[in-house]
Each structure stands twice: as structure tokens, then as C-alpha cells.
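Asks: Mind having a look at this structure? Questions to follow.
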Amino acid sequence: MPLSEKQKMLAGQLYHAGCPELQAEQMANKRWMQRYNDSALLPKDERHALLREHLGEVGEGVVIRPPFYCDYGYNISIGKNSFINFSVVILDVLPVIIGQDCQIAPSVQIYAADHPLDPAVRRTGLESGRPVVIGNNVWIGGGAIILPGVTLGDDVVVGAGSVVTRDVAAGEVVLGNPARVRQRS
């Protein structure tokens, strides 16, 4: 039996995001994002309950300041005591795993979504993804972009505005576009 487009997406294969099943999930996610992004005046515990209702895993003490944007939500896991500031975008077609005690500044973009390099394939509307893994105690500066397939080790610091195109080893500080190691612990 052939795989559904969602099964292909979750397997990291080329898939059509416009299929009815994924479109319905995106619409449900948009409704949840509207609720969450309107929750800024709610008590912290009520906002946390909204996160636990929709995201894959949410540890104790996690704070995400609205507005917050994602594709599906169920592929996002966030470890305890992590903080995500305003206007963060997570394209979670595959798992995006954020460790414990992380600090993610405003306007950070984390992309698990990817597109084919071959223009003929891209014109068909096919897309794919690669998981993103962020270790424990990572600090990502404002406006940084984390590209598909990247792993950030524990205790990494990503400078504001950096574009991270490849894995970063534990304890490294990276800056720039593309991000390069500036310091090791």
C-alpha cells in the first residue's frame, strides 16, 4: 500500500503539502495559533496548558511569548525551563527538538522544512524536511535562522542574526552568515 503524503512527510521523503489531510491539519494548527496568540493576557499556567494541548512535548516551566508560529505543532518538543521570545517561527514538518534550559530570542526562525534543489522537481510542488535538534542550555540570539537538518550541541551560543547551515558542536559560539565558530568553551 502506498504511503500517504503525511506518512511521506514524517519519513523525510518528498511529499505534497497541499494534500487534503495536511491542509486540514494546517487549518487546525492555524486555529490553535490564533487561540494561543490571543492568550498573552492569560495567566502563565493557562498558556502552558494551551502549549501542552497542541505541541508534541512541553516540559515544566516552558514559556513561549506570543505571537508564535509553526506549521503543525505536533512535531515540536521543548524541554523544561526553556524560554522562547516573541515572533519565533518553527517550520515543523519533521521533529524540532529543543532541549532544557534554552533561551531563544525574538524573531528566531527554525526550519525543518526544505525544498528540492532541482528546479523541475521544485515546480511539481514537492517538498521535504530534515529534523532540527537543539541541545540543552542553548542560547539563540535574535533573528537567527537555523536551517533544516542542523543539530546544535549542548551549551551552544548562536549570535544574533546568524544563519546556521551546519551542525555546531557542544560549547561552541557561532556568529555570522553563514555562521562560523568564533569561540570554543
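Residue names in the C-alpha cells use chain letters A, B, ... in the order shown, residue numbers from 1 in each chain, and ligand numbers from 1 in the order shown.
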Quick one: DSSP strand (DSSP E) residues in range 17-156 of chain A, as a VMD selection string?
Replies: chain A and resid 57 to 58 63 to 64 68 to 70 76 to 78 83 to 84 88 to 91 96 to 98 103 to 104 109 to 111 113 to 114 126 to 129 132 to 134 139 to 140 145 to 146 151 to 152
Asks: Using only N, CA and C atoms, please write the residues we just selected to a file, as a short mmCIF file (atom, residue, chain, number, x, y, z; two decimals), in the first residue's frame.
Replies:
data_model
loop_
_atom_site.label_atom_id
_atom_site.label_comp_id
_atom_site.auth_asym_id
_atom_site.auth_seq_id
_atom_site.Cartn_x
_atom_site.Cartn_y
_atom_site.Cartn_z
N GLU A 57 5.65 17.72 22.79
CA GLU A 57 6.04 17.59 24.21
C GLU A 57 6.41 18.97 24.72
N VAL A 58 5.99 19.26 25.94
CA VAL A 58 6.28 20.56 26.56
C VAL A 58 6.65 20.30 28.01
N VAL A 63 8.10 28.56 28.59
CA VAL A 63 7.38 29.79 28.28
C VAL A 63 7.61 30.12 26.81
N ILE A 64 6.52 30.34 26.09
CA ILE A 64 6.58 30.85 24.73
C ILE A 64 5.75 32.12 24.70
N PHE A 68 3.50 33.37 18.28
CA PHE A 68 4.31 32.20 17.98
C PHE A 68 3.71 31.54 16.74
N TYR A 69 4.58 31.06 15.85
CA TYR A 69 4.11 30.49 14.59
C TYR A 69 4.78 29.14 14.33
N CYS A 70 3.99 28.18 13.85
CA CYS A 70 4.51 26.87 13.47
C CYS A 70 3.64 26.28 12.38
N ILE A 76 6.94 19.38 17.47
CA ILE A 76 7.79 20.22 18.31
C ILE A 76 7.85 19.66 19.72
N SER A 77 9.08 19.46 20.23
CA SER A 77 9.30 19.04 21.61
C SER A 77 10.21 20.05 22.28
N ILE A 78 9.82 20.50 23.48
CA ILE A 78 10.59 21.52 24.19
C ILE A 78 10.83 21.05 25.62
N PHE A 83 12.78 28.96 27.27
CA PHE A 83 12.08 30.22 27.04
C PHE A 83 12.19 30.60 25.57
N ILE A 84 11.06 30.86 24.96
CA ILE A 84 11.01 31.28 23.56
C ILE A 84 10.33 32.64 23.51
N VAL A 88 8.71 33.96 17.21
CA VAL A 88 9.53 32.84 16.75
C VAL A 88 8.71 32.01 15.76
N VAL A 89 9.36 31.54 14.70
CA VAL A 89 8.75 30.71 13.67
C VAL A 89 9.45 29.36 13.66
N ILE A 90 8.66 28.28 13.78
CA ILE A 90 9.20 26.93 13.70
C ILE A 90 8.43 26.19 12.61
N LEU A 91 9.12 25.84 11.53
CA LEU A 91 8.52 25.05 10.46
C LEU A 91 8.80 23.59 10.76
N VAL A 96 11.31 18.97 15.53
CA VAL A 96 12.16 20.04 16.01
C VAL A 96 12.22 19.82 17.51
N ILE A 97 13.40 19.44 17.98
CA ILE A 97 13.59 19.10 19.39
C ILE A 97 14.44 20.19 20.02
N ILE A 98 13.89 20.82 21.04
CA ILE A 98 14.57 21.89 21.77
C ILE A 98 14.80 21.36 23.18
N GLN A 103 17.33 29.34 25.72
CA GLN A 103 16.86 30.71 25.59
C GLN A 103 16.85 31.04 24.11
N ILE A 104 15.66 31.31 23.57
CA ILE A 104 15.52 31.62 22.15
C ILE A 104 14.95 33.03 22.05
N GLN A 109 14.09 31.92 13.62
CA GLN A 109 13.40 31.04 12.69
C GLN A 109 14.11 29.69 12.67
N ILE A 110 13.34 28.64 12.89
CA ILE A 110 13.88 27.28 12.93
C ILE A 110 13.14 26.49 11.85
N TYR A 111 13.88 26.03 10.85
CA TYR A 111 13.28 25.39 9.69
C TYR A 111 13.64 23.92 9.60
N ALA A 113 11.56 22.35 7.44
CA ALA A 113 11.03 22.26 6.07
C ALA A 113 12.13 22.58 5.06
N ASP A 114 12.11 21.84 3.96
CA ASP A 114 13.12 22.00 2.92
C ASP A 114 12.46 21.86 1.56
N LEU A 126 6.55 19.49 -4.85
CA LEU A 126 7.06 18.57 -3.83
C LEU A 126 7.98 19.32 -2.86
N GLU A 127 7.95 18.92 -1.62
CA GLU A 127 8.88 19.43 -0.61
C GLU A 127 9.27 18.29 0.31
N SER A 128 10.16 18.57 1.23
CA SER A 128 10.63 17.55 2.17
C SER A 128 11.05 18.25 3.45
N GLY A 129 11.74 17.53 4.29
CA GLY A 129 12.22 18.13 5.53
C GLY A 129 13.36 17.33 6.11
N VAL A 132 15.53 19.08 13.11
CA VAL A 132 16.42 20.03 13.78
C VAL A 132 16.47 19.64 15.25
N VAL A 133 17.69 19.57 15.80
CA VAL A 133 17.87 19.21 17.20
C VAL A 133 18.69 20.30 17.87
N ILE A 134 18.16 20.83 18.96
CA ILE A 134 18.82 21.87 19.74
C ILE A 134 19.07 21.29 21.13
N TRP A 139 21.63 29.08 23.76
CA TRP A 139 21.15 30.45 23.64
C TRP A 139 21.23 30.82 22.17
N ILE A 140 20.06 31.17 21.58
CA ILE A 140 19.99 31.58 20.18
C ILE A 140 19.59 33.04 20.15
N ILE A 145 18.69 32.25 12.20
CA ILE A 145 17.98 31.27 11.39
C ILE A 145 18.72 29.94 11.50
N ILE A 146 17.98 28.89 11.84
CA ILE A 146 18.53 27.54 11.94
C ILE A 146 17.95 26.75 10.77
N THR A 151 21.97 20.26 13.87
CA THR A 151 21.99 19.91 15.28
C THR A 151 22.91 20.87 16.00
N LEU A 152 22.40 21.47 17.08
CA LEU A 152 23.20 22.34 17.96
C LEU A 152 23.45 21.56 19.23
#
Asks: Hey, which of A:Val164, A:Ala49, A:Cys102, A:Val150 ends up closest to Tyr36 in chain A? Count only C-alpha atoms.
Replies: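 Of A:Val164, A:Ala49, A:Cys102, A:Val150, the one nearest Tyr36 in chain A, counting only C-alpha atoms, is A:Ala49.
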Asks: Taking 3 positions as the minimum chain separation for residues in the same chain, which residues sit within 9 Å of Ala17 in chain A when counting only C-alpha atoms? Answer as an NGL selection string.
Replies: :A and (5-6 or 9 or 20-23 or 125-127)
